[in-house]
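Engineer: Here it is, the structure, as structure tokens.
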2 protein chains.
Amino acid sequence: MDVYKIIQGHEKDCQEHAAVDVIKVSNRSRSTAVAGAIAGVVREHGRAEVQAIGAGAVNQAVKAVAIARGYLLEDGIEVVSVPFFTDIDIDGQERTAVRLVVEPR
Amino acid sequence: MDVYKIIQGHEKDCQEHAAVDVIKVSNRSRSTAVAGAIAGVVREHGRAEVQAIGAGAVNQAVKAVAIARGYLLEDGIEVVSVPFFTDIDIDGQERTAVRLVVEPR
């Protein structure tokens, strides 16, 4: 069922904009490395999505977006972030993840 | 020195847009309560700023922005978030806070 939800979401993404892999962030992710990934995906695809579960991961994700914003401003791209919740399935347990869409203002 | 920095920042804010109190979030803040505050400030002043120090507080702040986004969409206001770092002084110790500007796209 959750796989189906993911596929549904993915199809919806495909309709709305080019499908882009979600950047998954953990509490052990280096925020500068995640920032580099975000900047790369935004430069190539025009937008990026970052997913984090738990306070430590969300903190790293937000810091990464702040850093990526600086990287992209150097290229003349001013990005903003749109946070939303999404339910995902991890080993049969439903968890609420925070997603941050990063896209030009 | 840090007080001076804060005053400088405040004066800059005043020049750029109407001065708005920063909403300070801790790891014990309820995200729905913070969301209500954000929505109220955005409705009244057109923008809000949220400040958080530490992973737990940043997590609550981001969740609050996601919830406030829903509240404001009901009023036809679509907000985005712009994260940045700011150095603040707490009892003589310099800490890095995360600020989230919440404003219409």
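Labeling convention for the structure tokens: chains A, B, ... as they appear, residues from 1 per chain, ligands from 1 in order of appearance.
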Please identify every residue of chain A that has at least one atom no more than 12 Å from any atom of chain B, counting only C-alpha atoms, and report them as a PyMOL selection string.
Structural biologist: chain A and resi 27+52-70+78-86+96-105
Engineer: Go ahead and save the picked residues with C-alpha atoms, as a PDB file, in the first residue's frame.
Structural biologist:
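New file again-v4.pdb:
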ATOM      1  CA  ASN A  27      21.279  13.465  11.432  1.00  0.00           C
ATOM      2  CA  ALA A  52      14.404  14.331   6.661  1.00  0.00           C
ATOM      3  CA  ILE A  53      12.993  12.253   9.508  1.00  0.00           C
ATOM      4  CA  GLY A  54      13.610  13.346  13.087  1.00  0.00           C
ATOM      5  CA  ALA A  55      14.876  16.543  14.666  1.00  0.00           C
ATOM      6  CA  GLY A  56      18.578  15.970  13.952  1.00  0.00           C
ATOM      7  CA  ALA A  57      17.941  15.258  10.283  1.00  0.00           C
ATOM      8  CA  VAL A  58      15.560  18.201   9.849  1.00  0.00           C
ATOM      9  CA  ASN A  59      18.169  20.485  11.427  1.00  0.00           C
ATOM     10  CA  GLN A  60      20.861  19.284   8.990  1.00  0.00           C
ATOM     11  CA  ALA A  61      18.432  19.682   6.072  1.00  0.00           C
ATOM     12  CA  VAL A  62      17.528  23.283   6.971  1.00  0.00           C
ATOM     13  CA  LYS A  63      21.175  24.213   7.483  1.00  0.00           C
ATOM     14  CA  ALA A  64      21.954  22.641   4.093  1.00  0.00           C
ATOM     15  CA  VAL A  65      19.252  24.741   2.421  1.00  0.00           C
ATOM     16  CA  ALA A  66      20.662  27.916   4.010  1.00  0.00           C
ATOM     17  CA  ILE A  67      24.147  27.028   2.725  1.00  0.00           C
ATOM     18  CA  ALA A  68      22.865  26.007  -0.747  1.00  0.00           C
ATOM     19  CA  ARG A  69      21.071  29.344  -0.948  1.00  0.00           C
ATOM     20  CA  GLY A  70      24.466  31.046  -0.673  1.00  0.00           C
ATOM     21  CA  GLU A  78      17.636  32.929  -5.486  1.00  0.00           C
ATOM     22  CA  VAL A  79      15.948  29.891  -3.997  1.00  0.00           C
ATOM     23  CA  VAL A  80      13.276  29.625  -1.336  1.00  0.00           C
ATOM     24  CA  SER A  81      12.101  26.600   0.579  1.00  0.00           C
ATOM     25  CA  VAL A  82       8.610  25.135   0.908  1.00  0.00           C
ATOM     26  CA  PRO A  83       8.281  22.694   3.809  1.00  0.00           C
ATOM     27  CA  PHE A  84       5.571  20.031   3.949  1.00  0.00           C
ATOM     28  CA  PHE A  85       4.867  16.749   5.702  1.00  0.00           C
ATOM     29  CA  THR A  86       4.742  13.406   3.982  1.00  0.00           C
ATOM     30  CA  THR A  96       6.150  11.377   9.144  1.00  0.00           C
ATOM     31  CA  ALA A  97       8.956  12.919   7.156  1.00  0.00           C
ATOM     32  CA  VAL A  98       9.584  16.604   6.535  1.00  0.00           C
ATOM     33  CA  ARG A  99      10.164  17.481   2.898  1.00  0.00           C
ATOM     34  CA  LEU A 100      11.704  20.753   1.807  1.00  0.00           C
ATOM     35  CA  VAL A 101      11.162  21.786  -1.786  1.00  0.00           C
ATOM     36  CA  VAL A 102      13.972  24.098  -2.870  1.00  0.00           C
ATOM     37  CA  GLU A 103      13.151  26.178  -5.924  1.00  0.00           C
ATOM     38  CA  PRO A 104      13.669  29.664  -7.361  1.00  0.00           C
ATOM     39  CA  ARG A 105      11.488  32.356  -5.818  1.00  0.00           C
TER      40      ARG A 105
END
Engineer: For the reference chain B, what are the coordinates of chain A after least-squares fitting (all Cα, in-order pairing), as a CSV table (one decimal) with N, CA, C and O atoms, in the first residue's frame?
Structural biologist:
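So the final result, stored in selection01.csv, reads:
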chain,number,residue,atom,x,y,z
A,1,MET,N,28.9,44.7,22.4
A,1,MET,CA,29.2,44.5,21.0
A,1,MET,C,28.0,43.8,20.3
A,1,MET,O,27.6,44.1,19.2
A,2,ASP,N,27.6,42.7,20.9
A,2,ASP,CA,26.5,41.9,20.3
A,2,ASP,C,25.2,42.7,20.3
A,2,ASP,O,24.4,42.6,19.4
A,3,VAL,N,25.0,43.5,21.4
A,3,VAL,CA,23.8,44.3,21.5
A,3,VAL,C,23.8,45.3,20.3
A,3,VAL,O,22.8,45.5,19.6
A,4,TYR,N,25.1,45.8,20.1
A,4,TYR,CA,25.2,46.7,18.9
A,4,TYR,C,24.8,46.1,17.6
A,4,TYR,O,24.1,46.6,16.8
A,5,LYS,N,25.3,44.8,17.5
A,5,LYS,CA,25.0,44.1,16.2
A,5,LYS,C,23.5,43.9,16.1
A,5,LYS,O,23.0,44.1,15.0
A,6,ILE,N,22.9,43.6,17.2
A,6,ILE,CA,21.4,43.4,17.2
A,6,ILE,C,20.7,44.7,16.7
A,6,ILE,O,19.8,44.7,15.9
A,7,ILE,N,21.2,45.8,17.3
A,7,ILE,CA,20.6,47.1,17.0
A,7,ILE,C,20.8,47.4,15.5
A,7,ILE,O,19.9,47.8,14.8
A,8,GLN,N,22.0,47.2,15.1
A,8,GLN,CA,22.3,47.4,13.7
A,8,GLN,C,21.4,46.6,12.8
A,8,GLN,O,20.8,47.1,11.8
A,9,GLY,N,21.3,45.3,13.1
A,9,GLY,CA,20.4,44.4,12.3
A,9,GLY,C,19.0,44.9,12.3
A,9,GLY,O,18.3,44.9,11.3
A,10,HIS,N,18.5,45.4,13.5
A,10,HIS,CA,17.2,45.9,13.7
A,10,HIS,C,17.0,47.1,12.8
A,10,HIS,O,16.0,47.2,12.1
A,11,GLU,N,18.0,48.0,12.8
A,11,GLU,CA,17.8,49.2,12.0
A,11,GLU,C,17.7,48.9,10.5
A,11,GLU,O,17.0,49.5,9.8
A,12,LYS,N,18.5,47.9,10.1
A,12,LYS,CA,18.5,47.5,8.7
A,12,LYS,C,17.1,46.9,8.4
A,12,LYS,O,16.6,47.3,7.3
A,13,ASP,N,16.6,46.1,9.3
A,13,ASP,CA,15.2,45.6,9.1
A,13,ASP,C,14.3,46.7,8.9
A,13,ASP,O,13.4,46.6,8.0
A,14,CYS,N,14.4,47.7,9.7
A,14,CYS,CA,13.4,48.8,9.7
A,14,CYS,C,13.5,49.5,8.4
A,14,CYS,O,12.4,50.0,7.9
A,15,GLN,N,14.7,49.6,7.8
A,15,GLN,CA,14.8,50.3,6.5
A,15,GLN,C,14.2,49.4,5.4
A,15,GLN,O,13.5,49.9,4.5
A,16,GLU,N,14.3,48.1,5.6
A,16,GLU,CA,13.9,47.2,4.5
A,16,GLU,C,12.4,46.9,4.5
A,16,GLU,O,11.8,46.8,3.5
A,17,HIS,N,11.9,46.8,5.7
A,17,HIS,CA,10.4,46.5,5.8
A,17,HIS,C,10.0,46.9,7.3
A,17,HIS,O,10.9,47.0,8.1
A,18,ALA,N,8.8,46.9,7.5
A,18,ALA,CA,8.3,47.2,8.8
A,18,ALA,C,8.9,46.3,9.8
A,18,ALA,O,9.0,45.1,9.6
A,19,ALA,N,9.4,46.8,11.0
A,19,ALA,CA,10.0,45.9,12.0
A,19,ALA,C,8.9,45.0,12.5
A,19,ALA,O,7.8,45.4,12.9
A,20,VAL,N,9.3,43.7,12.6
A,20,VAL,CA,8.4,42.7,13.2
A,20,VAL,C,9.2,41.9,14.2
A,20,VAL,O,10.3,41.6,14.0
A,21,ASP,N,8.6,41.7,15.3
A,21,ASP,CA,9.3,40.9,16.4
A,21,ASP,C,9.6,39.5,15.8
A,21,ASP,O,8.8,38.9,15.1
A,22,VAL,N,10.7,39.0,16.2
A,22,VAL,CA,11.1,37.6,15.8
A,22,VAL,C,10.4,36.6,16.8
A,22,VAL,O,10.4,36.8,18.0
A,23,ILE,N,9.8,35.6,16.2
A,23,ILE,CA,9.2,34.5,16.9
A,23,ILE,C,10.2,33.5,17.4
A,23,ILE,O,10.9,32.9,16.5
A,24,LYS,N,10.5,33.4,18.7
A,24,LYS,CA,11.5,32.5,19.1
A,24,LYS,C,11.0,31.2,19.5
A,24,LYS,O,10.0,31.1,20.2
A,25,VAL,N,11.6,30.1,18.9
A,25,VAL,CA,11.1,28.8,19.1
A,25,VAL,C,12.1,28.0,19.9
A,25,VAL,O,13.3,28.0,19.6
A,26,SER,N,11.6,27.2,20.8
A,26,SER,CA,12.5,26.3,21.6
A,26,SER,C,12.1,24.8,21.2
A,26,SER,O,11.1,24.6,20.5
A,27,ASN,N,12.9,23.9,21.7
A,27,ASN,CA,12.5,22.5,21.4
A,27,ASN,C,11.2,22.0,22.2
A,27,ASN,O,10.7,21.0,21.9
A,28,ARG,N,10.8,22.9,23.1
A,28,ARG,CA,9.6,22.6,23.9
A,28,ARG,C,8.4,23.3,23.3
A,28,ARG,O,7.3,23.2,23.8
A,29,SER,N,8.6,24.2,22.3
A,29,SER,CA,7.5,24.9,21.7
A,29,SER,C,6.5,23.9,21.0
A,29,SER,O,7.0,23.0,20.3
A,30,ARG,N,5.2,24.2,21.1
A,30,ARG,CA,4.3,23.4,20.4
A,30,ARG,C,4.2,23.9,18.9
A,30,ARG,O,4.0,25.1,18.7
A,31,SER,N,4.4,23.0,18.0
A,31,SER,CA,4.5,23.6,16.6
A,31,SER,C,3.2,24.2,16.1
A,31,SER,O,3.2,25.1,15.3
A,32,THR,N,2.0,23.7,16.6
A,32,THR,CA,0.8,24.3,16.2
A,32,THR,C,0.6,25.7,16.8
A,32,THR,O,0.1,26.6,16.1
A,33,ALA,N,1.1,25.9,18.0
A,33,ALA,CA,1.0,27.2,18.6
A,33,ALA,C,1.9,28.2,17.9
A,33,ALA,O,1.5,29.3,17.6
A,34,VAL,N,3.1,27.7,17.5
A,34,VAL,CA,4.0,28.6,16.8
A,34,VAL,C,3.4,28.9,15.4
A,34,VAL,O,3.5,30.0,14.9
A,35,ALA,N,2.8,27.9,14.8
A,35,ALA,CA,2.2,28.1,13.5
A,35,ALA,C,1.1,29.1,13.5
A,35,ALA,O,1.0,30.0,12.6
A,36,GLY,N,0.3,29.1,14.6
A,36,GLY,CA,-0.7,30.2,14.8
A,36,GLY,C,-0.1,31.6,14.9
A,36,GLY,O,-0.6,32.5,14.3
A,37,ALA,N,1.0,31.6,15.6
A,37,ALA,CA,1.7,32.9,15.7
A,37,ALA,C,2.3,33.4,14.4
A,37,ALA,O,2.1,34.6,14.0
A,38,ILE,N,2.9,32.5,13.6
A,38,ILE,CA,3.4,32.8,12.3
A,38,ILE,C,2.3,33.3,11.4
A,38,ILE,O,2.4,34.4,10.8
A,39,ALA,N,1.2,32.6,11.4
A,39,ALA,CA,0.1,33.0,10.5
A,39,ALA,C,-0.5,34.4,10.9
A,39,ALA,O,-0.7,35.2,10.0
A,40,GLY,N,-0.6,34.6,12.2
A,40,GLY,CA,-1.1,35.9,12.7
A,40,GLY,C,-0.2,37.0,12.3
A,40,GLY,O,-0.6,38.1,11.8
A,41,VAL,N,1.1,36.8,12.4
A,41,VAL,CA,2.1,37.9,12.1
A,41,VAL,C,2.1,38.1,10.6
A,41,VAL,O,2.2,39.3,10.1
A,42,VAL,N,2.1,37.0,9.8
A,42,VAL,CA,2.1,37.2,8.3
A,42,VAL,C,0.8,37.9,7.9
A,42,VAL,O,0.9,38.9,7.0
A,43,ARG,N,-0.4,37.6,8.5
A,43,ARG,CA,-1.6,38.3,8.1
A,43,ARG,C,-1.5,39.8,8.4
A,43,ARG,O,-2.0,40.6,7.6
A,44,GLU,N,-0.9,40.1,9.6
A,44,GLU,CA,-0.9,41.5,10.0
A,44,GLU,C,0.3,42.3,9.3
A,44,GLU,O,0.1,43.5,9.0
A,45,HIS,N,1.4,41.7,9.2
A,45,HIS,CA,2.6,42.4,8.8
A,45,HIS,C,3.1,42.0,7.4
A,45,HIS,O,4.1,42.6,6.9
A,46,GLY,N,2.6,40.9,6.8
A,46,GLY,CA,3.0,40.5,5.5
A,46,GLY,C,4.2,39.5,5.5
A,46,GLY,O,4.5,38.9,4.5
A,47,ARG,N,4.8,39.4,6.6
A,47,ARG,CA,5.9,38.5,6.8
A,47,ARG,C,6.2,38.2,8.2
A,47,ARG,O,5.8,39.0,9.1
A,48,ALA,N,6.9,37.1,8.5
A,48,ALA,CA,7.3,36.7,9.9
A,48,ALA,C,8.7,36.2,9.9
A,48,ALA,O,9.2,35.7,8.8
A,49,GLU,N,9.3,36.3,11.0
A,49,GLU,CA,10.7,35.7,11.2
A,49,GLU,C,10.6,34.8,12.4
A,49,GLU,O,10.2,35.2,13.5
A,50,VAL,N,11.2,33.6,12.2
A,50,VAL,CA,11.2,32.6,13.3
A,50,VAL,C,12.7,32.3,13.6
A,50,VAL,O,13.5,32.1,12.7
A,51,GLN,N,13.0,32.2,14.9
A,51,GLN,CA,14.4,31.9,15.3
A,51,GLN,C,14.5,30.7,16.1
A,51,GLN,O,13.7,30.5,17.0
A,52,ALA,N,15.4,29.8,15.8
A,52,ALA,CA,15.6,28.6,16.6
A,52,ALA,C,17.1,28.3,16.8
A,52,ALA,O,17.9,28.5,15.9
A,53,ILE,N,17.4,27.8,17.9
A,53,ILE,CA,18.8,27.4,18.2
A,53,ILE,C,18.8,25.9,18.7
A,53,ILE,O,18.1,25.5,19.6
A,54,GLY,N,19.5,25.1,17.9
A,54,GLY,CA,19.6,23.7,18.3
A,54,GLY,C,18.6,22.9,17.4
A,54,GLY,O,17.6,23.4,17.0
A,55,ALA,N,18.9,21.6,17.3
A,55,ALA,CA,18.2,20.7,16.4
A,55,ALA,C,16.7,20.6,16.8
A,55,ALA,O,15.8,20.7,15.9
A,56,GLY,N,16.4,20.4,18.0
A,56,GLY,CA,15.0,20.3,18.5
A,56,GLY,C,14.2,21.5,18.2
A,56,GLY,O,13.0,21.4,17.7
A,57,ALA,N,14.8,22.7,18.4
A,57,ALA,CA,14.1,23.9,18.1
A,57,ALA,C,13.9,24.1,16.6
A,57,ALA,O,12.8,24.6,16.2
A,58,VAL,N,14.9,23.8,15.8
A,58,VAL,CA,14.8,24.0,14.4
A,58,VAL,C,13.7,23.1,13.8
A,58,VAL,O,12.9,23.5,13.0
A,59,ASN,N,13.7,21.9,14.3
A,59,ASN,CA,12.6,20.9,13.9
A,59,ASN,C,11.2,21.5,14.2
A,59,ASN,O,10.3,21.4,13.3
A,60,GLN,N,11.0,22.0,15.4
A,60,GLN,CA,9.7,22.6,15.7
A,60,GLN,C,9.4,23.8,14.8
A,60,GLN,O,8.3,23.9,14.4
A,61,ALA,N,10.4,24.6,14.6
A,61,ALA,CA,10.2,25.8,13.7
A,61,ALA,C,9.8,25.4,12.3
A,61,ALA,O,8.8,25.9,11.7
A,62,VAL,N,10.5,24.4,11.7
A,62,VAL,CA,10.1,24.0,10.4
A,62,VAL,C,8.7,23.3,10.3
A,62,VAL,O,8.0,23.6,9.4
A,63,LYS,N,8.4,22.5,11.3
A,63,LYS,CA,7.1,21.9,11.4
A,63,LYS,C,6.0,23.0,11.5
A,63,LYS,O,5.0,23.0,10.8
A,64,ALA,N,6.3,24.1,12.3
A,64,ALA,CA,5.4,25.2,12.4
A,64,ALA,C,5.2,25.9,11.1
A,64,ALA,O,4.1,26.3,10.8
A,65,VAL,N,6.3,26.1,10.3
A,65,VAL,CA,6.1,26.8,9.0
A,65,VAL,C,5.2,25.9,8.1
A,65,VAL,O,4.4,26.5,7.4
A,66,ALA,N,5.4,24.6,8.1
A,66,ALA,CA,4.6,23.7,7.3
A,66,ALA,C,3.1,23.9,7.6
A,66,ALA,O,2.3,23.9,6.8
A,67,ILE,N,2.9,23.9,9.0
A,67,ILE,CA,1.5,24.0,9.4
A,67,ILE,C,0.9,25.4,9.1
A,67,ILE,O,-0.2,25.5,8.6
A,68,ALA,N,1.7,26.4,9.3
A,68,ALA,CA,1.3,27.8,9.1
A,68,ALA,C,1.0,28.0,7.6
A,68,ALA,O,0.0,28.7,7.2
A,69,ARG,N,1.7,27.3,6.7
A,69,ARG,CA,1.5,27.4,5.3
A,69,ARG,C,0.1,26.9,5.0
A,69,ARG,O,-0.6,27.5,4.2
A,70,GLY,N,-0.4,25.8,5.6
A,70,GLY,CA,-1.7,25.4,5.5
A,70,GLY,C,-2.8,26.4,5.9
A,70,GLY,O,-3.7,26.6,5.2
A,71,TYR,N,-2.5,27.0,7.1
A,71,TYR,CA,-3.5,28.0,7.6
A,71,TYR,C,-3.6,29.1,6.6
A,71,TYR,O,-4.7,29.6,6.3
A,72,LEU,N,-2.5,29.6,6.1
A,72,LEU,CA,-2.5,30.8,5.3
A,72,LEU,C,-3.0,30.5,3.9
A,72,LEU,O,-3.6,31.4,3.3
A,73,LEU,N,-2.8,29.3,3.4
A,73,LEU,CA,-3.4,28.9,2.1
A,73,LEU,C,-4.9,29.0,2.1
A,73,LEU,O,-5.5,29.4,1.1
A,74,GLU,N,-5.5,28.8,3.3
A,74,GLU,CA,-6.9,28.9,3.5
A,74,GLU,C,-7.4,30.4,3.3
A,74,GLU,O,-8.5,30.6,2.9
A,75,ASP,N,-6.4,31.3,3.5
A,75,ASP,CA,-6.7,32.7,3.3
A,75,ASP,C,-6.2,33.2,1.9
A,75,ASP,O,-6.2,34.4,1.7
A,76,GLY,N,-5.8,32.2,1.1
A,76,GLY,CA,-5.3,32.6,-0.2
A,76,GLY,C,-3.9,33.2,-0.2
A,76,GLY,O,-3.5,33.8,-1.2
A,77,ILE,N,-3.1,33.0,0.9
A,77,ILE,CA,-1.8,33.5,1.0
A,77,ILE,C,-0.8,32.3,0.9
A,77,ILE,O,-0.9,31.4,1.7
A,78,GLU,N,0.0,32.2,-0.1
A,78,GLU,CA,1.0,31.1,-0.3
A,78,GLU,C,2.3,31.6,0.2
A,78,GLU,O,3.0,32.4,-0.5
A,79,VAL,N,2.8,31.1,1.3
A,79,VAL,CA,4.1,31.5,1.9
A,79,VAL,C,5.2,30.5,1.5
A,79,VAL,O,4.9,29.3,1.4
A,80,VAL,N,6.4,31.0,1.4
A,80,VAL,CA,7.6,30.2,1.3
A,80,VAL,C,8.5,30.6,2.5
A,80,VAL,O,8.2,31.6,3.2
A,81,SER,N,9.6,29.9,2.6
A,81,SER,CA,10.5,30.1,3.8
A,81,SER,C,11.9,30.3,3.2
A,81,SER,O,12.3,29.6,2.3
A,82,VAL,N,12.6,31.2,3.8
A,82,VAL,CA,14.0,31.5,3.4
A,82,VAL,C,14.8,31.3,4.7
A,82,VAL,O,14.8,32.1,5.6
A,83,PRO,N,15.6,30.3,4.8
A,83,PRO,CA,16.4,30.0,5.9
A,83,PRO,C,17.8,30.7,5.9
A,83,PRO,O,18.4,30.8,4.8
A,84,PHE,N,18.2,31.3,7.0
A,84,PHE,CA,19.6,31.8,7.0
A,84,PHE,C,20.1,31.7,8.4
A,84,PHE,O,19.4,31.5,9.4
A,85,PHE,N,21.5,31.8,8.5
A,85,PHE,CA,22.1,31.7,9.8
A,85,PHE,C,22.3,33.1,10.4
A,85,PHE,O,22.5,34.1,9.7
A,86,THR,N,22.3,33.2,11.7
A,86,THR,CA,22.6,34.5,12.3
A,86,THR,C,23.3,34.2,13.7
A,86,THR,O,22.9,33.3,14.4
A,87,ASP,N,24.3,35.0,14.0
A,87,ASP,CA,25.0,34.8,15.2
A,87,ASP,C,24.4,35.7,16.3
A,87,ASP,O,24.1,36.8,16.1
A,88,ILE,N,24.1,35.0,17.4
A,88,ILE,CA,23.5,35.8,18.5
A,88,ILE,C,24.3,35.5,19.8
A,88,ILE,O,25.0,34.6,19.9
A,89,ASP,N,24.1,36.4,20.7
A,89,ASP,CA,24.8,36.3,22.0
A,89,ASP,C,23.9,35.9,23.1
A,89,ASP,O,22.8,36.4,23.3
A,90,ILE,N,24.2,34.7,23.8
A,90,ILE,CA,23.4,34.3,24.9
A,90,ILE,C,24.3,34.2,26.1
A,90,ILE,O,25.3,33.3,26.1
A,91,ASP,N,24.1,35.0,27.1
A,91,ASP,CA,24.9,35.0,28.3
A,91,ASP,C,26.4,35.1,28.0
A,91,ASP,O,27.2,34.4,28.6
A,92,GLY,N,26.8,35.9,27.0
A,92,GLY,CA,28.2,36.1,26.7
A,92,GLY,C,28.8,35.1,25.7
A,92,GLY,O,29.9,35.2,25.3
A,93,GLN,N,27.9,34.0,25.4
A,93,GLN,CA,28.4,33.0,24.5
A,93,GLN,C,27.8,33.2,23.1
A,93,GLN,O,26.6,33.5,23.0
A,94,GLU,N,28.7,33.2,22.1
A,94,GLU,CA,28.1,33.3,20.7
A,94,GLU,C,27.5,32.0,20.2
A,94,GLU,O,28.2,31.0,20.3
A,95,ARG,N,26.3,32.0,19.8
A,95,ARG,CA,25.6,30.8,19.3
A,95,ARG,C,25.1,31.2,17.9
A,95,ARG,O,24.8,32.3,17.6
A,96,THR,N,25.1,30.1,17.1
A,96,THR,CA,24.5,30.3,15.7
A,96,THR,C,23.0,29.9,15.7
A,96,THR,O,22.7,28.7,16.1
A,97,ALA,N,22.2,30.8,15.4
A,97,ALA,CA,20.8,30.5,15.3
A,97,ALA,C,20.4,30.3,13.9
A,97,ALA,O,21.0,30.9,13.0
A,98,VAL,N,19.3,29.6,13.7
A,98,VAL,CA,18.7,29.5,12.3
A,98,VAL,C,17.5,30.4,12.3
A,98,VAL,O,16.7,30.3,13.2
A,99,ARG,N,17.4,31.3,11.3
A,99,ARG,CA,16.2,32.1,11.2
A,99,ARG,C,15.5,31.6,9.9
A,99,ARG,O,16.1,31.3,8.9
A,100,LEU,N,14.2,31.6,10.0
A,100,LEU,CA,13.4,31.3,8.8
A,100,LEU,C,12.5,32.5,8.6
A,100,LEU,O,11.6,32.9,9.4
A,101,VAL,N,12.7,33.2,7.5
A,101,VAL,CA,11.8,34.2,7.0
A,101,VAL,C,10.6,33.6,6.4
A,101,VAL,O,10.8,32.7,5.5
A,102,VAL,N,9.4,33.9,6.7
A,102,VAL,CA,8.2,33.4,6.1
A,102,VAL,C,7.5,34.5,5.4
A,102,VAL,O,7.1,35.5,6.1
A,103,GLU,N,7.3,34.4,4.1
A,103,GLU,CA,6.7,35.5,3.4
A,103,GLU,C,6.1,35.0,2.1
A,103,GLU,O,6.4,33.9,1.7
A,104,PRO,N,5.1,35.8,1.6
A,104,PRO,CA,4.5,35.3,0.3
A,104,PRO,C,5.4,35.0,-0.8
A,104,PRO,O,6.5,35.8,-0.9
A,105,ARG,N,5.2,34.0,-1.6
A,105,ARG,CA,6.0,33.7,-2.7
A,105,ARG,C,6.0,34.9,-3.6
A,105,ARG,O,7.0,35.4,-4.0
Engineer: DSSP on the backbone: which residues in chain B end up as alpha helix (DSSP H)? Give the answer as number ranges by chain.
Structural biologist: B: 2-16, 31-45, 55-74
